[in-house]
>>> print(open('model02.pdb').read())   # PDB, C-alpha atoms, pLDDT in the B column
MODEL        1
ATOM      1  CA  MET A  52       0.000   0.000   0.000  1.00 48.00           C
ATOM      2  CA  ASP A  53       1.271   3.442  -0.863  1.00 60.00           C
ATOM      3  CA  LYS A  54       2.079   5.518   2.234  1.00 65.00           C
ATOM      4  CA  LEU A  55       0.973   8.771   0.594  1.00 63.00           C
ATOM      5  CA  SER A  56      -2.564   7.583  -0.079  1.00 67.00           C
ATOM      6  CA  TYR A  57      -3.603   8.244   3.522  1.00 73.00           C
ATOM      7  CA  LYS A  58      -2.368  11.811   3.660  1.00 77.00           C
ATOM      8  CA  THR A  59      -5.006  14.498   4.103  1.00 80.00           C
ATOM      9  CA  ILE A  60      -4.782  17.068   1.357  1.00 80.00           C
ATOM     10  CA  SER A  61      -5.230  20.634   2.558  1.00 88.00           C
ATOM     11  CA  ALA A  62      -5.960  23.244  -0.108  1.00 91.00           C
ATOM     12  CA  ASN A  63      -4.133  26.546  -0.149  1.00 92.00           C
ATOM     13  CA  LYS A  64      -4.332  29.747  -2.173  1.00 90.00           C
ATOM     14  CA  ASN A  65      -2.065  28.351  -4.914  1.00 92.00           C
ATOM     15  CA  THR A  66      -3.809  24.998  -5.403  1.00 92.00           C
ATOM     16  CA  VAL A  67      -7.443  26.173  -5.411  1.00 94.00           C
ATOM     17  CA  VAL A  68      -9.218  26.095  -8.778  1.00 94.00           C
ATOM     18  CA  LYS A  69     -11.915  28.783  -8.937  1.00 95.00           C
ATOM     19  CA  GLU A  70     -14.760  28.782 -11.443  1.00 96.00           C
ATOM     20  CA  TRP A  71     -17.348  31.401 -12.379  1.00 97.00           C
ATOM     21  CA  ILE A  72     -20.938  30.356 -11.741  1.00 97.00           C
ATOM     22  CA  LEU A  73     -24.078  32.125 -12.991  1.00 97.00           C
ATOM     23  CA  ILE A  74     -27.288  31.775 -10.975  1.00 97.00           C
ATOM     24  CA  ASP A  75     -30.708  33.038 -12.011  1.00 96.00           C
ATOM     25  CA  ALA A  76     -32.612  34.165  -8.892  1.00 96.00           C
ATOM     26  CA  GLU A  77     -35.985  34.412 -10.625  1.00 95.00           C
ATOM     27  CA  ASP A  78     -38.707  32.674  -8.542  1.00 94.00           C
ATOM     28  CA  GLN A  79     -36.148  31.358  -6.031  1.00 95.00           C
ATOM     29  CA  VAL A  80     -36.967  31.506  -2.311  1.00 96.00           C
ATOM     30  CA  LEU A  81     -34.611  33.971  -0.594  1.00 96.00           C
ATOM     31  CA  GLY A  82     -33.316  31.810   2.278  1.00 96.00           C
ATOM     32  CA  ARG A  83     -32.799  28.652   0.251  1.00 95.00           C
ATOM     33  CA  LEU A  84     -31.015  30.577  -2.494  1.00 97.00           C
ATOM     34  CA  ALA A  85     -28.823  32.397   0.038  1.00 97.00           C
ATOM     35  CA  SER A  86     -27.797  29.217   1.858  1.00 96.00           C
ATOM     36  CA  ARG A  87     -26.829  27.429  -1.356  1.00 96.00           C
ATOM     37  CA  VAL A  88     -24.899  30.445  -2.665  1.00 97.00           C
ATOM     38  CA  ALA A  89     -23.077  30.755   0.685  1.00 97.00           C
ATOM     39  CA  MET A  90     -22.117  27.088   0.412  1.00 96.00           C
ATOM     40  CA  ILE A  91     -20.750  27.658  -3.116  1.00 96.00           C
ATOM     41  CA  LEU A  92     -18.843  30.779  -2.029  1.00 97.00           C
ATOM     42  CA  ARG A  93     -17.359  28.857   0.880  1.00 97.00           C
ATOM     43  CA  GLY A  94     -16.374  25.898  -1.326  1.00 95.00           C
ATOM     44  CA  LYS A  95     -18.215  23.235   0.665  1.00 94.00           C
ATOM     45  CA  HIS A  96     -19.459  21.589  -2.535  1.00 92.00           C
ATOM     46  CA  LYS A  97     -15.892  20.653  -3.521  1.00 91.00           C
ATOM     47  CA  PRO A  98     -13.985  17.589  -2.292  1.00 89.00           C
ATOM     48  CA  SER A  99     -10.937  19.777  -1.591  1.00 89.00           C
ATOM     49  CA  TYR A 100     -12.812  21.991   0.920  1.00 93.00           C
ATOM     50  CA  THR A 101     -10.559  23.497   3.580  1.00 94.00           C
ATOM     51  CA  PRO A 102     -12.244  25.565   6.322  1.00 95.00           C
ATOM     52  CA  HIS A 103      -9.613  28.304   6.640  1.00 95.00           C
ATOM     53  CA  VAL A 104      -9.013  28.885   2.889  1.00 95.00           C
ATOM     54  CA  ASP A 105     -11.035  30.726   0.252  1.00 95.00           C
ATOM     55  CA  CYS A 106     -11.607  27.689  -1.961  1.00 94.00           C
ATOM     56  CA  GLY A 107     -15.088  28.595  -3.227  1.00 95.00           C
ATOM     57  CA  ASP A 108     -16.164  29.772  -6.645  1.00 97.00           C
ATOM     58  CA  ASN A 109     -17.015  33.225  -7.951  1.00 97.00           C
ATOM     59  CA  VAL A 110     -20.799  33.644  -8.146  1.00 97.00           C
ATOM     60  CA  ILE A 111     -22.844  35.951 -10.378  1.00 98.00           C
ATOM     61  CA  ILE A 112     -26.531  36.310  -9.481  1.00 98.00           C
ATOM     62  CA  ILE A 113     -28.965  37.882 -11.938  1.00 97.00           C
ATOM     63  CA  ASN A 114     -32.657  38.851 -11.545  1.00 96.00           C
ATOM     64  CA  ALA A 115     -32.275  39.742  -7.869  1.00 96.00           C
ATOM     65  CA  GLU A 116     -35.484  41.781  -7.945  1.00 95.00           C
ATOM     66  CA  LYS A 117     -37.528  38.668  -8.824  1.00 96.00           C
ATOM     67  CA  ILE A 118     -36.803  36.618  -5.693  1.00 96.00           C
ATOM     68  CA  LYS A 119     -39.676  35.144  -3.709  1.00 96.00           C
ATOM     69  CA  LEU A 120     -40.334  35.429   0.002  1.00 95.00           C
ATOM     70  CA  THR A 121     -42.680  33.048   1.774  1.00 95.00           C
ATOM     71  CA  GLY A 122     -45.426  34.030   4.172  1.00 95.00           C
ATOM     72  CA  LEU A 123     -45.876  37.690   5.108  1.00 95.00           C
ATOM     73  CA  LYS A 124     -42.177  38.588   4.965  1.00 94.00           C
ATOM     74  CA  LYS A 125     -42.614  41.127   2.158  1.00 92.00           C
ATOM     75  CA  ASP A 126     -44.745  43.310   4.436  1.00 92.00           C
ATOM     76  CA  GLN A 127     -43.509  42.385   7.927  1.00 95.00           C
ATOM     77  CA  LYS A 128     -39.740  41.779   7.655  1.00 95.00           C
ATOM     78  CA  GLU A 129     -37.824  44.964   8.441  1.00 96.00           C
ATOM     79  CA  TYR A 130     -34.242  46.059   7.923  1.00 96.00           C
ATOM     80  CA  VAL A 131     -32.945  48.296  10.718  1.00 96.00           C
ATOM     81  CA  ARG A 132     -30.154  50.855  10.510  1.00 95.00           C
ATOM     82  CA  HIS A 133     -28.874  53.218  13.171  1.00 97.00           C
ATOM     83  CA  SER A 134     -26.281  55.980  12.949  1.00 96.00           C
ATOM     84  CA  GLY A 135     -25.513  55.948  16.657  1.00 96.00           C
ATOM     85  CA  TYR A 136     -27.198  59.248  17.424  1.00 97.00           C
ATOM     86  CA  PRO A 137     -30.317  59.336  19.625  1.00 97.00           C
ATOM     87  CA  GLY A 138     -33.522  58.992  17.633  1.00 96.00           C
ATOM     88  CA  SER A 139     -31.783  57.996  14.407  1.00 96.00           C
ATOM     89  CA  GLN A 140     -33.040  54.413  14.135  1.00 97.00           C
ATOM     90  CA  ARG A 141     -34.651  53.814  10.719  1.00 97.00           C
ATOM     91  CA  PHE A 142     -36.732  50.883   9.478  1.00 97.00           C
ATOM     92  CA  ARG A 143     -37.432  49.671   5.937  1.00 96.00           C
ATOM     93  CA  THR A 144     -39.652  46.773   4.872  1.00 96.00           C
ATOM     94  CA  VAL A 145     -38.685  44.303   2.171  1.00 95.00           C
ATOM     95  CA  ASN A 146     -41.117  45.934  -0.276  1.00 95.00           C
ATOM     96  CA  GLU A 147     -39.395  49.296   0.220  1.00 95.00           C
ATOM     97  CA  MET A 148     -35.954  47.716  -0.202  1.00 95.00           C
ATOM     98  CA  LEU A 149     -37.042  45.962  -3.414  1.00 93.00           C
ATOM     99  CA  VAL A 150     -37.857  49.372  -4.856  1.00 94.00           C
ATOM    100  CA  LYS A 151     -34.745  51.148  -3.521  1.00 95.00           C
ATOM    101  CA  ASP A 152     -32.030  48.484  -3.872  1.00 95.00           C
ATOM    102  CA  PRO A 153     -33.095  44.896  -4.701  1.00 94.00           C
ATOM    103  CA  THR A 154     -29.522  43.598  -4.515  1.00 96.00           C
ATOM    104  CA  PHE A 155     -29.234  44.549  -0.814  1.00 97.00           C
ATOM    105  CA  ILE A 156     -31.748  41.913   0.296  1.00 97.00           C
ATOM    106  CA  LEU A 157     -29.838  39.049  -1.303  1.00 97.00           C
ATOM    107  CA  ASN A 158     -26.429  40.416  -0.333  1.00 97.00           C
ATOM    108  CA  ASN A 159     -27.520  40.824   3.306  1.00 97.00           C
ATOM    109  CA  ALA A 160     -28.939  37.290   3.475  1.00 98.00           C
ATOM    110  CA  ILE A 161     -25.798  35.719   2.006  1.00 98.00           C
ATOM    111  CA  LYS A 162     -23.498  37.832   4.187  1.00 98.00           C
ATOM    112  CA  GLY A 163     -25.299  36.579   7.297  1.00 97.00           C
ATOM    113  CA  MET A 164     -24.551  32.968   6.310  1.00 97.00           C
ATOM    114  CA  LEU A 165     -20.798  33.475   5.898  1.00 97.00           C
ATOM    115  CA  PRO A 166     -18.183  33.522   8.698  1.00 97.00           C
ATOM    116  CA  LYS A 167     -17.965  36.761  10.652  1.00 97.00           C
ATOM    117  CA  ASN A 168     -14.228  37.299  10.208  1.00 97.00           C
ATOM    118  CA  ALA A 169     -11.645  38.250   7.573  1.00 97.00           C
ATOM    119  CA  LEU A 170     -12.363  35.077   5.595  1.00 97.00           C
ATOM    120  CA  GLY A 171     -16.060  35.954   5.395  1.00 97.00           C
ATOM    121  CA  ARG A 172     -15.246  39.413   4.070  1.00 97.00           C
ATOM    122  CA  GLN A 173     -12.910  37.892   1.475  1.00 97.00           C
ATOM    123  CA  LEU A 174     -15.586  35.393   0.397  1.00 97.00           C
ATOM    124  CA  LEU A 175     -18.145  38.173  -0.046  1.00 97.00           C
ATOM    125  CA  ARG A 176     -15.835  39.805  -2.615  1.00 97.00           C
ATOM    126  CA  ASN A 177     -16.394  36.748  -4.835  1.00 97.00           C
ATOM    127  CA  LEU A 178     -20.110  37.578  -5.137  1.00 98.00           C
ATOM    128  CA  ARG A 179     -21.668  39.816  -7.804  1.00 98.00           C
ATOM    129  CA  ILE A 180     -25.408  40.550  -7.690  1.00 98.00           C
ATOM    130  CA  TYR A 181     -27.379  42.268 -10.469  1.00 97.00           C
ATOM    131  CA  ALA A 182     -31.009  43.389 -10.402  1.00 96.00           C
ATOM    132  CA  GLY A 183     -31.674  42.658 -14.077  1.00 94.00           C
ATOM    133  CA  THR A 184     -30.587  40.010 -16.542  1.00 95.00           C
ATOM    134  CA  GLU A 185     -27.547  41.952 -17.777  1.00 95.00           C
ATOM    135  CA  HIS A 186     -24.098  41.464 -16.260  1.00 95.00           C
ATOM    136  CA  ASN A 187     -20.628  42.443 -17.443  1.00 95.00           C
ATOM    137  CA  HIS A 188     -18.825  39.140 -16.815  1.00 95.00           C
ATOM    138  CA  GLU A 189     -19.233  37.410 -20.188  1.00 95.00           C
ATOM    139  CA  ALA A 190     -15.439  37.328 -20.587  1.00 95.00           C
ATOM    140  CA  GLN A 191     -15.168  34.961 -17.614  1.00 94.00           C
ATOM    141  CA  GLU A 192     -17.526  32.493 -19.372  1.00 96.00           C
ATOM    142  CA  PRO A 193     -19.664  31.702 -16.301  1.00 96.00           C
ATOM    143  CA  LYS A 194     -21.213  28.265 -16.052  1.00 96.00           C
ATOM    144  CA  THR A 195     -24.980  28.291 -15.446  1.00 95.00           C
ATOM    145  CA  ILE A 196     -26.043  25.816 -12.775  1.00 93.00           C
ATOM    146  CA  ASP A 197     -29.283  24.611 -11.266  1.00 89.00           C
ATOM    147  CA  LEU A 198     -29.174  25.078  -7.500  1.00 87.00           C
ATOM    148  CA  ASN A 199     -31.313  21.993  -6.909  1.00 82.00           C
ATOM    149  CA  THR A 200     -28.452  19.773  -8.115  1.00 81.00           C
ATOM    150  CA  ILE A 201     -26.069  20.983  -5.397  1.00 78.00           C
ATOM    151  CA  LYS A 202     -26.546  19.250  -2.046  1.00 71.00           C
TER     152      LYS A 202
ENDMDL
END
>>> encode(input="model02.pdb", output="structure tokens")
Amino acid sequence: MDKLSYKTISANKNTVVKEWILIDAEDQVLGRLASRVAMILRGKHKPSYTPHVDCGDNVIIINAEKIKLTGLKKDQKEYVRHSGYPGSQRFRTVNEMLVKDPTFILNNAIKGMLPKNALGRQLLRNLRIYAGTEHNHEAQEPKTIDLNTIK
């Protein structure tokens, strides 16, 4: 038996192979889409996954304004922001955010599912979200995938 066959292979920045993936968010449920995209960004769908290395793929999401939310979340879910000054707390519902900035909803959901450290911030740089069907990454030749095939 070969001694090297039992060695655990740990990926590093030089050995990771990154791909470009295109995902259409039209009629996708927000939470399920966000969790699968976070898994792809993290690299957990690859056999060479290493927890402390950015080994995930670059993800392009189009049609962010056409995501679905279940239940009464469109009217009841609120995004809160606060400047730190007294009386400056502001609330926005999902409907208001869809009008103002539809990419924020998806970006915020995915960001919450990534690690809260330097690695999480690095992984979020591999994500591009567009409200419409147009994106400017044709040169990278992104591969379109169906999220239901990734477990």
>>> closest_atom_pairs(input="model02.pdb", of="range 56-115 of chain A", to="range 168-189 of chain A", cutoff="12 Å", atoms="only C-alpha atoms", output="tab-separated table")
residue	atom	partner	partner_atom	distance
A:Lys69	CA	A:Asn177	CA	10.0
A:Glu70	CA	A:Asn177	CA	10.5
A:Trp71	CA	A:His188	CA	9.0
A:Ile72	CA	A:Leu178	CA	9.8
A:Leu73	CA	A:His188	CA	9.6
A:Ile74	CA	A:Ile180	CA	9.6
A:Asp75	CA	A:Thr184	CA	8.3
A:Ala76	CA	A:Ala182	CA	9.5
A:Glu77	CA	A:Thr184	CA	9.8
A:Ala85	CA	A:Leu178	CA	11.4
A:Val88	CA	A:Leu178	CA	8.9
A:Ala89	CA	A:Leu174	CA	8.8
A:Met90	CA	A:Leu174	CA	10.6
A:Ile91	CA	A:Leu174	CA	9.9
A:Leu92	CA	A:Leu174	CA	6.1
A:Arg93	CA	A:Leu174	CA	6.8
A:Gly94	CA	A:Leu174	CA	9.7
A:Thr101	CA	A:Leu170	CA	11.9
A:Pro102	CA	A:Leu170	CA	9.5
A:His103	CA	A:Leu170	CA	7.4
A:Val104	CA	A:Leu170	CA	7.5
A:Asp105	CA	A:Leu174	CA	6.5
A:Cys106	CA	A:Leu174	CA	9.0
A:Gly107	CA	A:Leu174	CA	7.7
A:Asp108	CA	A:Asn177	CA	7.2
A:Asn109	CA	A:Asn177	CA	4.7
A:Val110	CA	A:Leu178	CA	5.0
A:Ile111	CA	A:Arg179	CA	4.8
A:Ile112	CA	A:Ile180	CA	4.7
A:Ile113	CA	A:Tyr181	CA	4.9
A:Asn114	CA	A:Gly183	CA	4.7
A:Ala115	CA	A:Ala182	CA	4.6
>>> resolve_selection(input="model02.pdb", expression="the PyMOL selection byres ((chain A and resi 143) around 10)", output="list in words")
Asp126, Gln127, Lys128, Glu129, Tyr130, Val131, Arg132, Arg141, Phe142, Thr144, Val145, Asn146, Glu147, Met148 and Lys151 of chain A
>>> atom_distance(input="model02.pdb", atom1="CA of Met164 in chain A", atom2="CA of Ala190 in chain A")
28.7 Å
>>> closest_residue(input="model02.pdb", among="A:Leu123, A:Gly163, A:Pro98, A:Lys117", to="Val150 in chain A", atoms="all atoms listed in the file")
A:Lys117
>>> residues_around(input="model02.pdb", residues="Ser86 in chain A", least_positions_apart="3", cutoff="12 Å", atoms="only C-alpha atoms", output="PyMOL selection string")
chain A and resi 79-83+89-93+95+157-165+198-199+201-202
>>> axis_aligned_box(input="model02.pdb", around="range 154-168 of chain A", padding_each_side="8 Å", output="lines of an AutoDock Vina configuration file")
center_x = -23.0
center_y = 38.8
center_z = 3.1
size_x = 33.5
size_y = 27.6
size_z = 31.2
>>> atom_distance(input="model02.pdb", atom1="CA of Glu116 in chain A", atom2="CA of Asp152 in chain A")
8.6 Å
>>> atom_distance(input="model02.pdb", atom1="CA of Gly138 in chain A", atom2="CA of Phe155 in chain A")
23.8 Å
>>> closest_residue(input="model02.pdb", among="A:Lys124, A:Pro166, A:Ile118, A:Tyr100", to="Thr154 in chain A", atoms="all atoms listed in the file")
A:Ile118
>>> closest_residue(input="model02.pdb", among="A:Lys119, A:Ile60, A:Thr66, A:Ser99", to="Asp78 in chain A", atoms="all atoms listed in the file")
A:Lys119
>>> closest_residue(input="model02.pdb", among="A:Arg87, A:Lys125, A:His133, A:Lys97", to="Thr200 in chain A", atoms="only C-alpha atoms")
A:Arg87
